[in-house]
>>> print(open('entry31.tsv').read())   # TSV, C-alpha atoms
chain	number	residue	atom	x	y	z
A	1	MET	CA	9.63	-7.47	23.54
A	2	THR	CA	11.41	-4.68	21.74
A	3	TYR	CA	10.78	-4.27	18.01
A	4	ALA	CA	14.09	-5.99	17.22
A	5	GLU	CA	13.18	-8.89	19.49
A	6	THR	CA	9.74	-9.12	17.90
A	7	LEU	CA	11.25	-9.38	14.40
A	8	ALA	CA	13.77	-11.94	15.63
A	9	TYR	CA	10.85	-13.97	17.02
A	10	LEU	CA	8.98	-13.84	13.71
A	11	TYR	CA	12.07	-14.65	11.64
A	12	ALA	CA	13.75	-17.28	13.78
A	13	GLN	CA	10.89	-19.29	15.23
A	14	LEU	CA	8.54	-19.10	12.28
A	15	PRO	CA	10.08	-19.93	8.91
A	16	MET	CA	9.96	-17.35	6.15
A	17	PHE	CA	9.61	-18.80	2.65
A	18	HIS	CA	11.70	-16.12	1.01
A	19	ARG	CA	14.62	-16.95	3.31
A	20	ILE	CA	14.52	-20.74	3.53
A	21	GLY	CA	12.31	-21.77	0.62
A	22	LYS	CA	10.06	-24.80	0.25
A	23	ALA	CA	10.23	-25.90	3.90
A	24	ALA	CA	8.24	-22.81	4.91
A	25	TYR	CA	5.41	-23.35	2.43
A	26	LYS	CA	2.09	-24.34	4.01
A	27	ALA	CA	-0.09	-26.10	1.44
A	28	ASP	CA	-3.43	-25.37	3.03
A	29	LEU	CA	-5.42	-22.51	4.55
A	30	ASN	CA	-6.23	-24.18	7.88
A	31	ASN	CA	-3.81	-22.02	9.88
A	32	THR	CA	-5.00	-18.82	8.24
A	33	HIS	CA	-8.63	-19.66	8.95
A	34	ALA	CA	-7.71	-20.38	12.58
A	35	LEU	CA	-5.94	-17.02	12.85
A	36	MET	CA	-8.90	-15.22	11.33
A	37	ASP	CA	-11.16	-16.96	13.89
A	38	ALA	CA	-8.87	-15.83	16.71
A	39	LEU	CA	-8.94	-12.22	15.47
A	40	GLY	CA	-12.69	-12.03	14.94
A	41	HIS	CA	-12.42	-12.25	11.16
A	42	PRO	CA	-10.83	-8.98	10.00
A	43	GLU	CA	-10.98	-10.28	6.43
A	44	LEU	CA	-14.77	-10.32	6.27
A	45	GLY	CA	-15.40	-6.59	6.11
A	46	LEU	CA	-12.30	-5.82	4.07
A	47	LYS	CA	-12.97	-4.12	0.73
A	48	CYS	CA	-10.04	-5.18	-1.42
A	49	VAL	CA	-8.54	-6.06	-4.78
A	50	HIS	CA	-6.72	-9.41	-4.84
A	51	VAL	CA	-3.72	-9.66	-7.19
A	52	ALA	CA	-1.92	-12.84	-8.32
A	53	GLY	CA	0.41	-13.75	-11.18
A	54	THR	CA	3.90	-14.99	-11.93
A	55	ASN	CA	5.41	-11.60	-12.76
A	56	GLY	CA	4.18	-8.03	-12.44
A	57	LYS	CA	1.86	-8.52	-9.50
A	58	GLY	CA	3.95	-6.24	-7.29
A	59	SER	CA	4.02	-3.47	-9.88
A	60	THR	CA	0.30	-3.91	-10.58
A	61	SER	CA	-0.53	-3.79	-6.87
A	62	HIS	CA	1.49	-0.63	-6.30
A	63	MET	CA	-0.03	1.10	-9.34
A	64	LEU	CA	-3.53	0.28	-8.11
A	65	ALA	CA	-2.73	1.55	-4.63
A	66	SER	CA	-1.29	4.77	-6.03
A	67	VAL	CA	-4.45	5.50	-8.01
A	68	PHE	CA	-6.70	4.88	-5.01
A	69	GLN	CA	-4.50	7.16	-2.92
A	70	GLU	CA	-4.84	9.88	-5.55
A	71	ALA	CA	-8.61	9.45	-5.25
A	72	GLY	CA	-8.35	10.41	-1.58
A	73	LEU	CA	-9.23	6.94	-0.33
A	74	ARG	CA	-7.55	5.44	2.72
A	75	THR	CA	-5.64	2.70	0.93
A	76	GLY	CA	-4.06	-0.38	2.45
A	77	LEU	CA	-1.34	-2.23	0.56
A	78	TYR	CA	-0.07	-5.71	1.40
A	79	THR	CA	2.87	-7.03	-0.64
A	80	SER	CA	5.83	-9.38	-0.34
A	81	PRO	CA	8.71	-9.82	-0.03
A	82	HIS	CA	10.29	-6.70	1.43
A	83	LEU	CA	13.62	-5.31	0.31
A	84	LYS	CA	15.04	-3.39	3.26
A	85	ASP	CA	12.44	-3.23	6.02
A	86	PHE	CA	9.82	-5.78	7.06
A	87	ARG	CA	7.32	-2.94	7.38
A	88	GLU	CA	7.38	-2.38	3.59
A	89	ARG	CA	4.96	-5.30	3.36
A	90	ILE	CA	2.12	-3.47	5.12
A	91	ARG	CA	1.31	0.14	4.26
A	92	ILE	CA	-1.55	2.60	4.42
A	93	ASN	CA	-1.39	5.52	1.97
A	94	GLY	CA	2.25	4.66	1.38
A	95	ALA	CA	3.25	4.85	5.05
A	96	MET	CA	4.67	1.68	6.57
A	97	ILE	CA	3.03	0.10	9.59
A	98	PRO	CA	4.57	1.54	12.80
A	99	GLU	CA	6.99	-0.64	14.76
A	100	THR	CA	4.82	-0.25	17.84
A	101	GLU	CA	1.85	-1.82	16.03
A	102	ILE	CA	3.90	-4.90	15.14
A	103	THR	CA	5.25	-5.32	18.66
A	104	ALA	CA	1.82	-4.85	20.24
A	105	PHE	CA	0.19	-7.31	17.83
A	106	VAL	CA	2.72	-10.05	18.54
A	107	GLU	CA	2.57	-9.48	22.31
A	108	THR	CA	-1.23	-9.51	22.28
A	109	HIS	CA	-1.71	-12.62	20.14
A	110	ARG	CA	1.41	-14.71	20.75
A	111	ALA	CA	-0.18	-16.97	23.38
A	112	THR	CA	-3.24	-17.58	21.19
A	113	PHE	CA	-1.33	-18.04	17.96
A	114	GLU	CA	1.49	-20.33	19.14
A	115	PRO	CA	-0.68	-23.47	19.48
A	116	ILE	CA	-1.74	-22.92	15.85
A	117	GLN	CA	1.95	-22.82	14.80
A	118	PRO	CA	1.52	-20.28	12.01
A	119	SER	CA	4.29	-19.59	9.52
A	120	PHE	CA	5.98	-16.22	9.18
A	121	PHE	CA	3.74	-15.42	6.20
A	122	GLU	CA	0.57	-16.43	8.05
A	123	TRP	CA	1.54	-14.20	10.98
A	124	THR	CA	2.14	-11.33	8.56
A	125	VAL	CA	-1.18	-11.74	6.75
A	126	ALA	CA	-2.99	-11.78	10.09
A	127	LEU	CA	-1.14	-8.64	11.19
A	128	ALA	CA	-1.96	-6.83	7.94
A	129	PHE	CA	-5.65	-7.65	7.93
A	130	ASP	CA	-6.04	-6.79	11.61
A	131	TRP	CA	-4.28	-3.43	11.14
A	132	PHE	CA	-6.31	-2.58	8.04
A	133	ARG	CA	-9.49	-3.21	10.04
A	134	LYS	CA	-8.25	-1.19	12.99
A	135	GLU	CA	-7.31	1.73	10.73
A	136	ARG	CA	-10.57	1.47	8.78
A	137	VAL	CA	-9.09	1.49	5.29
A	138	ASP	CA	-11.51	2.23	2.46
A	139	ILE	CA	-9.82	-0.26	0.14
A	140	ALA	CA	-6.85	-2.63	0.39
A	141	ILE	CA	-4.71	-4.00	-2.43
A	142	ILE	CA	-3.69	-7.52	-1.47
A	143	GLU	CA	-0.88	-9.25	-3.35
A	144	THR	CA	-0.61	-13.03	-3.08
A	145	GLY	CA	2.66	-14.42	-1.83
A	146	LEU	CA	2.95	-17.67	-3.78
A	147	GLY	CA	0.39	-19.23	-6.07
A	148	GLY	CA	-3.15	-18.30	-5.19
A	149	ARG	CA	-5.44	-21.18	-4.29
A	150	LEU	CA	-3.57	-22.06	-1.09
A	151	ASP	CA	-1.96	-18.68	-0.45
A	152	SER	CA	-2.66	-17.27	3.01
A	153	THR	CA	-4.20	-14.14	1.52
A	154	ASN	CA	-6.89	-16.24	-0.17
A	155	VAL	CA	-9.41	-15.83	2.62
A	156	VAL	CA	-10.71	-12.51	1.28
A	157	THR	CA	-13.71	-11.89	-0.93
A	158	PRO	CA	-12.50	-9.01	-3.08
A	159	GLU	CA	-14.21	-6.36	-5.16
A	160	ALA	CA	-12.20	-7.71	-8.09
A	161	SER	CA	-9.53	-10.34	-8.69
A	162	VAL	CA	-6.54	-9.65	-10.95
A	163	ILE	CA	-4.18	-12.22	-12.45
A	164	THR	CA	-1.30	-10.57	-14.29
A	165	ASN	CA	0.25	-13.45	-16.26
A	166	ILE	CA	1.53	-17.02	-16.03
A	167	GLY	CA	5.15	-18.09	-16.34
A	168	TRP	CA	7.64	-20.56	-14.96
A	169	ASP	CA	8.30	-20.04	-11.26
A	170	HIS	CA	7.99	-22.28	-8.18
A	171	ALA	CA	7.17	-25.25	-10.41
A	172	ASP	CA	8.11	-27.62	-7.56
A	173	LEU	CA	5.22	-26.21	-5.52
A	174	LEU	CA	2.68	-25.03	-8.09
A	175	GLY	CA	2.94	-27.61	-10.86
A	176	ASN	CA	5.22	-28.69	-13.67
A	177	THR	CA	3.09	-27.33	-16.52
A	178	LEU	CA	1.97	-23.78	-17.20
A	179	GLU	CA	-1.63	-25.00	-17.12
A	180	ALA	CA	-1.10	-26.42	-13.63
A	181	ILE	CA	0.48	-23.16	-12.46
A	182	ALA	CA	-2.43	-21.24	-13.98
A	183	ALA	CA	-4.89	-23.46	-12.12
A	184	GLU	CA	-3.20	-22.55	-8.82
A	185	LYS	CA	-3.32	-18.83	-9.62
A	186	ALA	CA	-6.95	-19.23	-10.71
A	187	GLY	CA	-7.71	-20.32	-7.16
A	188	ILE	CA	-8.25	-16.66	-6.23
A	189	ILE	CA	-11.29	-16.47	-8.53
A	190	LYS	CA	-14.38	-16.18	-6.32
A	191	PRO	CA	-18.08	-16.78	-7.03
A	192	GLY	CA	-19.60	-13.74	-8.72
A	193	VAL	CA	-16.45	-11.61	-8.31
A	194	PRO	CA	-15.13	-10.12	-11.57
A	195	VAL	CA	-11.67	-11.32	-12.57
A	196	ILE	CA	-9.28	-9.48	-14.89
A	197	ILE	CA	-6.60	-11.46	-16.72
A	198	GLY	CA	-3.63	-9.37	-17.83
A	199	GLU	CA	-1.91	-11.75	-20.26
A	200	ALA	CA	-3.08	-15.22	-21.26
A	201	GLU	CA	-3.85	-17.12	-24.41
A	202	GLY	CA	-4.58	-20.63	-25.63
A	203	SER	CA	-4.67	-23.33	-22.99
A	204	ILE	CA	-3.76	-20.88	-20.22
A	205	ALA	CA	-6.70	-18.62	-21.04
A	206	ALA	CA	-8.90	-21.73	-21.16
A	207	VAL	CA	-7.96	-22.60	-17.56
A	208	PHE	CA	-9.11	-19.18	-16.39
A	209	GLN	CA	-12.24	-19.28	-18.53
A	210	ARG	CA	-13.30	-22.67	-17.13
A	211	THR	CA	-12.61	-21.65	-13.54
A	212	ALA	CA	-14.54	-18.39	-13.88
A	213	GLU	CA	-17.50	-20.08	-15.57
A	214	GLY	CA	-17.55	-22.72	-12.84
A	215	VAL	CA	-18.20	-20.10	-10.15
A	216	GLN	CA	-20.11	-17.64	-12.35
A	217	ALA	CA	-17.41	-14.98	-12.06
A	218	PRO	CA	-17.42	-12.38	-14.86
A	219	ILE	CA	-14.06	-12.64	-16.64
A	220	SER	CA	-12.28	-10.22	-18.95
A	221	PHE	CA	-9.00	-10.56	-20.82
A	222	VAL	CA	-7.00	-7.35	-21.17
A	223	ASP	CA	-6.43	-5.94	-24.64
A	224	GLN	CA	-2.66	-5.43	-24.60
A	225	SER	CA	-2.53	-3.91	-28.06
A	226	PHE	CA	-3.77	-0.37	-27.51
A	227	ALA	CA	-1.41	2.58	-27.08
A	228	LEU	CA	-1.17	3.65	-23.46
A	229	ARG	CA	-1.97	7.34	-23.11
A	230	TYR	CA	-0.81	7.67	-19.52
A	231	ALA	CA	2.70	8.53	-18.34
A	232	LEU	CA	4.31	5.98	-16.01
A	233	ASP	CA	7.15	6.36	-13.53
A	234	LEU	CA	7.95	2.65	-13.97
A	235	ALA	CA	10.00	2.04	-17.10
A	236	GLY	CA	9.56	-0.48	-19.87
A	237	PRO	CA	6.98	-2.15	-22.10
A	238	HIS	CA	6.31	-4.75	-19.39
A	239	GLN	CA	5.16	-1.95	-17.09
A	240	GLU	CA	2.91	-0.67	-19.87
A	241	ARG	CA	1.34	-4.14	-19.95
A	242	ASN	CA	0.90	-4.01	-16.18
A	243	ALA	CA	-0.65	-0.56	-16.51
A	244	ARG	CA	-3.18	-1.83	-19.09
A	245	THR	CA	-4.14	-4.54	-16.61
A	246	VAL	CA	-4.51	-1.89	-13.91
A	247	LEU	CA	-6.72	0.18	-16.21
A	248	ALA	CA	-8.97	-2.79	-16.92
A	249	ALA	CA	-9.32	-3.44	-13.19
A	250	LEU	CA	-10.08	0.21	-12.51
A	251	ARG	CA	-12.77	0.29	-15.22
A	252	GLU	CA	-14.42	-2.67	-13.52
A	253	LEU	CA	-14.22	-0.95	-10.14
A	254	GLN	CA	-15.60	2.28	-11.59
A	255	SER	CA	-18.59	0.31	-12.84
A	256	LYS	CA	-19.14	-0.86	-9.27
A	257	GLY	CA	-19.26	2.72	-8.03
A	258	TRP	CA	-15.72	3.35	-6.85
A	259	PRO	CA	-15.01	7.11	-7.25
A	260	ILE	CA	-12.02	6.94	-9.61
A	261	THR	CA	-11.60	9.74	-12.19
A	262	GLU	CA	-9.29	10.09	-15.17
A	263	ALA	CA	-7.22	12.61	-13.19
A	264	HIS	CA	-6.79	10.09	-10.36
A	265	ILE	CA	-5.61	7.48	-12.84
A	266	ALA	CA	-3.19	9.84	-14.60
A	267	HIS	CA	-1.65	11.12	-11.37
A	268	GLY	CA	-1.57	7.69	-9.75
A	269	LEU	CA	0.24	6.00	-12.63
A	270	ALA	CA	2.71	8.88	-12.91
A	271	LYS	CA	3.57	8.80	-9.19
A	272	THR	CA	3.50	5.12	-8.24
A	273	CYS	CA	6.95	5.06	-6.65
A	274	ALA	CA	6.53	8.37	-4.82
A	275	ASN	CA	3.09	7.45	-3.50
A	276	THR	CA	3.83	3.88	-2.43
A	277	GLY	CA	7.57	3.60	-1.80
A	278	PHE	CA	7.99	1.02	-4.56
A	279	MET	CA	11.61	0.01	-5.24
A	280	GLY	CA	13.79	-2.42	-7.19
A	281	ARG	CA	12.21	-2.31	-10.66
A	282	TRP	CA	14.77	-1.01	-13.16
A	283	GLN	CA	15.79	1.42	-10.46
A	284	VAL	CA	18.69	3.77	-11.18
A	285	LEU	CA	21.03	3.71	-8.19
A	286	LYS	CA	23.84	5.84	-9.60
A	287	ARG	CA	24.56	7.84	-12.75
A	288	GLU	CA	28.36	7.55	-12.91
A	289	PRO	CA	28.82	4.76	-13.64
A	290	LEU	CA	25.20	4.12	-14.58
A	291	THR	CA	24.07	1.51	-12.03
A	292	ILE	CA	20.64	-0.09	-12.24
A	293	ALA	CA	18.97	-2.66	-9.98
A	294	ASP	CA	16.13	-4.98	-10.98
A	295	VAL	CA	14.60	-7.86	-9.04
A	296	GLY	CA	14.09	-10.02	-12.16
A	297	HIS	CA	14.87	-13.62	-11.22
A	298	ASN	CA	12.87	-16.10	-13.29
A	299	VAL	CA	12.89	-16.71	-17.05
A	300	ASP	CA	10.21	-14.15	-17.88
A	301	GLY	CA	11.63	-11.59	-15.46
A	302	LEU	CA	15.10	-11.87	-16.96
A	303	ARG	CA	13.69	-11.61	-20.48
A	304	VAL	CA	12.28	-8.27	-19.41
A	305	VAL	CA	15.69	-7.30	-18.03
A	306	LYS	CA	17.29	-8.24	-21.35
A	307	GLU	CA	14.73	-6.15	-23.22
A	308	MET	CA	15.43	-3.18	-20.94
A	309	LEU	CA	19.17	-3.57	-21.53
A	310	GLU	CA	18.56	-3.35	-25.27
A	311	ARG	CA	16.69	-0.09	-24.69
A	312	THR	CA	19.39	1.43	-22.48
A	313	PRO	CA	22.43	2.77	-24.40
A	314	HIS	CA	25.72	1.57	-22.94
A	315	GLN	CA	29.18	0.38	-23.86
A	316	HIS	CA	30.23	-2.67	-21.84
A	317	LEU	CA	27.86	-4.40	-19.44
A	318	HIS	CA	28.87	-5.43	-15.89
A	319	VAL	CA	26.38	-7.72	-14.12
A	320	VAL	CA	26.32	-8.26	-10.36
A	321	TYR	CA	24.44	-11.53	-10.14
A	322	GLY	CA	23.22	-13.81	-7.39
A	323	THR	CA	20.33	-16.21	-7.02
A	324	VAL	CA	18.75	-18.84	-4.78
A	325	ALA	CA	19.73	-22.48	-4.36
A	326	ASP	CA	16.32	-24.13	-4.53
A	327	LYS	CA	15.45	-23.43	-8.16
A	328	ASP	CA	16.61	-24.79	-11.49
A	329	ILE	CA	18.28	-21.67	-12.91
A	330	SER	CA	19.57	-23.19	-16.14
A	331	ALA	CA	16.79	-21.66	-18.25
A	332	ALA	CA	17.12	-18.28	-16.52
A	333	LEU	CA	20.87	-18.18	-17.15
A	334	LYS	CA	20.25	-18.62	-20.87
A	335	GLU	CA	18.37	-15.31	-20.85
A	336	LEU	CA	21.41	-13.35	-19.67
A	337	PRO	CA	23.69	-11.65	-22.21
A	338	ARG	CA	26.98	-13.41	-22.86
A	339	ALA	CA	28.80	-10.25	-23.89
A	340	ALA	CA	29.09	-9.03	-20.31
A	341	THR	CA	31.40	-9.35	-17.34
A	342	TYR	CA	29.79	-11.10	-14.36
A	343	TYR	CA	30.38	-10.54	-10.68
A	344	PHE	CA	28.95	-13.61	-8.96
A	345	CYS	CA	27.89	-13.26	-5.34
A	346	LYS	CA	25.74	-14.78	-2.59
A	347	ALA	CA	23.09	-12.80	-0.74
A	348	ASP	CA	23.19	-12.99	3.03
A	349	ILE	CA	20.30	-15.45	3.46
A	350	PRO	CA	20.30	-19.23	4.04
A	351	ARG	CA	18.47	-19.86	0.77
A	352	ALA	CA	21.07	-18.18	-1.45
A	353	LEU	CA	23.13	-20.19	-3.91
A	354	ASP	CA	26.85	-20.36	-3.16
A	355	ALA	CA	28.74	-18.00	-5.47
A	356	ASP	CA	31.23	-20.68	-6.57
A	357	ALA	CA	28.41	-23.04	-7.52
A	358	LEU	CA	26.70	-20.19	-9.35
A	359	GLN	CA	29.85	-19.39	-11.29
A	360	LEU	CA	30.12	-23.03	-12.38
A	361	GLN	CA	26.53	-23.13	-13.65
A	362	ALA	CA	26.97	-19.76	-15.34
A	363	GLN	CA	30.11	-20.94	-17.13
A	364	ASN	CA	28.13	-23.85	-18.55
A	365	ALA	CA	25.72	-21.23	-19.96
A	366	GLY	CA	28.58	-19.28	-21.54
A	367	LEU	CA	28.75	-16.51	-18.91
A	368	ARG	CA	32.16	-15.40	-17.68
A	369	GLY	CA	33.11	-13.63	-14.49
A	370	SER	CA	34.61	-13.78	-11.01
A	371	VAL	CA	33.34	-14.72	-7.56
A	372	PHE	CA	33.03	-12.18	-4.74
A	373	PRO	CA	32.44	-12.82	-1.03
A	374	THR	CA	29.51	-10.41	-0.68
A	375	VAL	CA	27.02	-8.55	-2.83
A	376	ARG	CA	28.51	-5.25	-1.78
A	377	ALA	CA	32.02	-6.37	-2.73
A	378	ALA	CA	30.75	-7.47	-6.14
A	379	LEU	CA	29.07	-4.10	-6.70
A	380	VAL	CA	32.19	-2.15	-5.70
A	381	ALA	CA	34.31	-4.22	-8.07
A	382	ALA	CA	31.85	-3.77	-10.93
A	383	GLN	CA	31.65	-0.01	-10.45
A	384	GLN	CA	35.42	0.30	-10.23
A	385	ALA	CA	35.87	-1.72	-13.43
A	386	ALA	CA	33.21	0.20	-15.36
A	387	GLY	CA	34.55	2.59	-17.96
A	388	PRO	CA	32.90	5.66	-19.49
A	389	GLY	CA	29.52	4.76	-20.93
A	390	ASP	CA	29.43	1.35	-19.24
A	391	LEU	CA	26.40	-0.03	-17.41
A	392	VAL	CA	26.40	-1.87	-14.07
A	393	LEU	CA	23.34	-4.08	-13.55
A	394	VAL	CA	22.42	-5.73	-10.24
A	395	THR	CA	19.92	-8.56	-10.70
A	396	GLY	CA	18.98	-12.20	-10.21
A	397	SER	CA	17.28	-12.05	-6.84
A	398	VAL	CA	15.22	-9.81	-4.60
A	399	PHE	CA	17.82	-10.45	-1.91
A	400	VAL	CA	20.77	-9.32	-4.02
A	401	VAL	CA	18.95	-6.11	-4.93
A	402	ALA	CA	18.00	-5.56	-1.29
A	403	GLU	CA	21.66	-5.40	-0.31
A	404	VAL	CA	22.50	-2.57	-2.73
A	405	ILE	CA	19.48	-0.30	-2.33
A	406	ALA	CA	20.19	2.49	0.13
>>> encode(input="entry31.tsv", output="C-alpha cells")
Amino acid sequence: MTYAETLAYLYAQLPMFHRIGKAAYKADLNNTHALMDALGHPELGLKCVHVAGTNGKGSTSHMLASVFQEAGLRTGLYTSPHLKDFRERIRINGAMIPETEITAFVETHRATFEPIQPSFFEWTVALAFDWFRKERVDIAIIETGLGGRLDSTNVVTPEASVITNIGWDHADLLGNTLEAIAAEKAGIIKPGVPVIIGEAEGSIAAVFQRTAEGVQAPISFVDQSFALRYALDLAGPHQERNARTVLAALRELQSKGWPITEAHIAHGLAKTCANTGFMGRWQVLKREPLTIADVGHNVDGLRVVKEMLERTPHQHLHVVYGTVADKDISAALKELPRAATYYFCKADIPRALDADALQLQAQNAGLRGSVFPTVRAALVAAQQAAGPGDLVLVTGSVFVVAEVIA
C-alpha cells in the first residue's frame, strides 16, 4: 500500500475515538497485550515517563520531551490526537515518524493483527512502541489517550508516572464523579514507581494517596505556589502550573540518575515548541487582526481560555467556535464570554456537532452569532469583521483548531 492507502486503512477500517467517539473506545487491555505479544514485547525494555490527566498532559509531555532532548538524549514522544498530520503522534527528537515506517509496519503486521481486531489507537500504540525499540530511544514520554487504567498505553512500567490534574471530561466513559475519574487516571500508578500529582486536593488527592499506598508507589504532590524562575515559550499561568509539575518529575528522575542539568531544564522549557513541534496552545496565527487558536474544549480548558483572554488586551472579541456532538457542552458554554460575536461552525469529522444545533445551545447560554458552513468560512468572516484592536479566537475543539493551523 501507499502511505495514503495505509492511512485510509487505519482510519476507515479501524475506528478512531477522536473522530467517532465512544464507539471506538475499548474498555480493556486485552488487544494491546495481544499486540505486544505479537511484536515481542517492545514495551518491556522501554524507559519512559507515563503522563495522564484531564488537561495539560499534552503540554507536560512536550515540555518533558524538550528537556530530555536538550540533555542530548534520544527522546521518543507519543501523544494524541494530532492536528494536521497523523505522524505528529509519534516523534523522536521532535522529528515525526517517516511515512515509510508506517507503511512498512502495517504491511508487515496486518495479517497478524487483523484477527485481534485492534482499534486505531491500539494500532498506533503498537507502532509507536515498536519504532521506539527499533530506534533505540534513551527515554520516551508517553501520553495516555483517554483515562489511564484501561488506556492502551498502560502496558508500560515507567521511570515515573505523572498525573497533571482532574476535571470534567469523558464522564460517560470514565465516571460521573471527579473521584471516579481520578480513580481511572490513577490506574497508571505502578508498584514501586514514583508518581507525581500536579494538582489535586481533598477527596481527589485521597484517591491518589490510597492508590499509591496500595502498590507502595512513592507519591508527591506538586507545590504550585512557588514562583517559577524559568522562561516558558507556552503562555499563561496554566502552563506555569504544568511546568512546576514537569520540574517535580525531573527532580525525581534526577534522583534516579538521569543526567538532567539546570541548563537542560532552562533551555528545554524555553524551546518546547521549537524542539517538539507543539501547536494549538494559545498559538498566535496572525497579528492583523490578532488571531489566536487554542484547543480548549472542556470546562477547565475553557476557563483557561477565558483567563488568557483577560490577559490579552483587545477591543471586541470574535470567536470561531465548534465542538463535538457526543458531550454535554452546557457547562462549557457557560465559560465563554457573552460580550463577543460568535461564528459557529462544524469541523469536517463525523463526530462534530452540527453548527445549527450548536448555535441553538449557545443561544440558550446567552451567546450570539451566526452559522457558517465550514471552519475556514467562519474564520474568514471573523477576520473580515474584526476592527482595529479586535481579537479573533478559534477554539472549542482540537478539530476546529486543526483546520486553521497552516
>>> residues_around(input="entry31.tsv", residues="stretch 382-391 of chain A", least_positions_apart="2", cutoff="12 Å", atoms="only C-alpha atoms", output="mmCIF file with C-alpha atoms, in the frame of the given file")
data_model
loop_
_atom_site.group_PDB
_atom_site.id
_atom_site.type_symbol
_atom_site.label_atom_id
_atom_site.label_comp_id
_atom_site.auth_asym_id
_atom_site.auth_seq_id
_atom_site.Cartn_x
_atom_site.Cartn_y
_atom_site.Cartn_z
ATOM 1 C CA VAL A 284 18.690 3.770 -11.180
ATOM 2 C CA LEU A 285 21.030 3.710 -8.190
ATOM 3 C CA LYS A 286 23.840 5.840 -9.600
ATOM 4 C CA ARG A 287 24.560 7.840 -12.750
ATOM 5 C CA GLU A 288 28.360 7.550 -12.910
ATOM 6 C CA PRO A 289 28.820 4.760 -13.640
ATOM 7 C CA LEU A 290 25.200 4.120 -14.580
ATOM 8 C CA THR A 291 24.070 1.510 -12.030
ATOM 9 C CA ILE A 292 20.640 -0.090 -12.240
ATOM 10 C CA ALA A 293 18.970 -2.660 -9.980
ATOM 11 C CA MET A 308 15.430 -3.180 -20.940
ATOM 12 C CA LEU A 309 19.170 -3.570 -21.530
ATOM 13 C CA GLU A 310 18.560 -3.350 -25.270
ATOM 14 C CA THR A 312 19.390 1.430 -22.480
ATOM 15 C CA PRO A 313 22.430 2.770 -24.400
ATOM 16 C CA HIS A 314 25.720 1.570 -22.940
ATOM 17 C CA GLN A 315 29.180 0.380 -23.860
ATOM 18 C CA HIS A 316 30.230 -2.670 -21.840
ATOM 19 C CA LEU A 317 27.860 -4.400 -19.440
ATOM 20 C CA HIS A 318 28.870 -5.430 -15.890
ATOM 21 C CA VAL A 319 26.380 -7.720 -14.120
ATOM 22 C CA VAL A 320 26.320 -8.260 -10.360
ATOM 23 C CA TYR A 321 24.440 -11.530 -10.140
ATOM 24 C CA ALA A 340 29.090 -9.030 -20.310
ATOM 25 C CA THR A 341 31.400 -9.350 -17.340
ATOM 26 C CA TYR A 342 29.790 -11.100 -14.360
ATOM 27 C CA TYR A 343 30.380 -10.540 -10.680
ATOM 28 C CA PHE A 344 28.950 -13.610 -8.960
ATOM 29 C CA CYS A 345 27.890 -13.260 -5.340
ATOM 30 C CA GLY A 369 33.110 -13.630 -14.490
ATOM 31 C CA SER A 370 34.610 -13.780 -11.010
ATOM 32 C CA VAL A 371 33.340 -14.720 -7.560
ATOM 33 C CA PHE A 372 33.030 -12.180 -4.740
ATOM 34 C CA VAL A 375 27.020 -8.550 -2.830
ATOM 35 C CA ARG A 376 28.510 -5.250 -1.780
ATOM 36 C CA ALA A 377 32.020 -6.370 -2.730
ATOM 37 C CA ALA A 378 30.750 -7.470 -6.140
ATOM 38 C CA LEU A 379 29.070 -4.100 -6.700
ATOM 39 C CA VAL A 380 32.190 -2.150 -5.700
ATOM 40 C CA LEU A 393 23.340 -4.080 -13.550
ATOM 41 C CA VAL A 394 22.420 -5.730 -10.240
#
>>> atom_distance(input="entry31.tsv", atom1="atom CA of A:Glu135", atom2="atom CA of A:Thr103")
16.4 Å
>>> closest_residue(input="entry31.tsv", among="A:Ile163, A:Val156, A:Ala104, A:Ala347", to="A:Ala402", atoms="all atoms listed in the file")
A:Ala347
>>> closest_residue(input="entry31.tsv", among="A:Leu73, A:Leu228, A:Leu10, A:Ala34", to="A:Arg136", atoms="only C-alpha atoms")
A:Leu73
>>> closest_atom_pairs(input="entry31.tsv", of="stretch 90-170 of chain A", to="stretch 193-212 of chain A", cutoff="6 Å", atoms="only C-alpha atoms", output="JSON lines")
{"residue": "A:Ala160", "atom": "CA", "partner": "A:Pro194", "partner_atom": "CA", "distance": 5.1}
{"residue": "A:Ser161", "atom": "CA", "partner": "A:Val195", "partner_atom": "CA", "distance": 4.5}
{"residue": "A:Val162", "atom": "CA", "partner": "A:Ile196", "partner_atom": "CA", "distance": 4.8}
{"residue": "A:Ile163", "atom": "CA", "partner": "A:Ile197", "partner_atom": "CA", "distance": 5.0}
{"residue": "A:Thr164", "atom": "CA", "partner": "A:Gly198", "partner_atom": "CA", "distance": 4.4}
{"residue": "A:Asn165", "atom": "CA", "partner": "A:Glu199", "partner_atom": "CA", "distance": 4.9}
>>> atom_distance(input="entry31.tsv", atom1="atom CA of A:Phe129", atom2="atom CA of A:Ser255")
25.7 Å
>>> closest_residue(input="entry31.tsv", among="A:Arg311, A:Arg368, A:His267, A:Arg281", to="A:Gly72", atoms="only C-alpha atoms")
A:His267
>>> atom_distance(input="entry31.tsv", atom1="atom CA of A:Gln359", atom2="atom CA of A:Gly56")
28.1 Å
>>> residues_around(input="entry31.tsv", residues="stretch 149-152 of chain A", least_positions_apart="6", cutoff="10 Å", atoms="only C-alpha atoms", output="NGL selection string")
:A and (25-33 or 52 or 119 or 121-126 or 143 or 174 or 183-189)
>>> residues_around(input="entry31.tsv", residues="A:Ile265", least_positions_apart="6", cutoff="12 Å", atoms="all atoms listed in the file", output="list of chain:residue names")
A:Met63, A:Leu64, A:Ala65, A:Ser66, A:Val67, A:Phe68, A:Gln69, A:Glu70, A:Ala71, A:Gly72, A:Arg229, A:Tyr230, A:Ala231, A:Leu232, A:Ala243, A:Arg244, A:Val246, A:Leu247, A:Ala248, A:Ala249, A:Leu250, A:Arg251, A:Gln254, A:Pro259, A:Lys271, A:Thr272
>>> closest_residue(input="entry31.tsv", among="A:Asp37, A:Glu403, A:Asp354, A:Asp233", to="A:His62", atoms="all atoms listed in the file")
A:Asp233
>>> residues_around(input="entry31.tsv", residues="A:His238", least_positions_apart="2", cutoff="10 Å", atoms="all atoms listed in the file", output="PyMOL selection string")
chain A and resi 55-56+59+234-236+240-244+301+304-305+307-308
>>> residues_around(input="entry31.tsv", residues="stretch 40-43 of chain A", least_positions_apart="3", cutoff="10 Å", atoms="all atoms listed in the file", output="VMD selection string")
chain A and resid 33 to 37 46 to 48 125 to 134 153 to 158
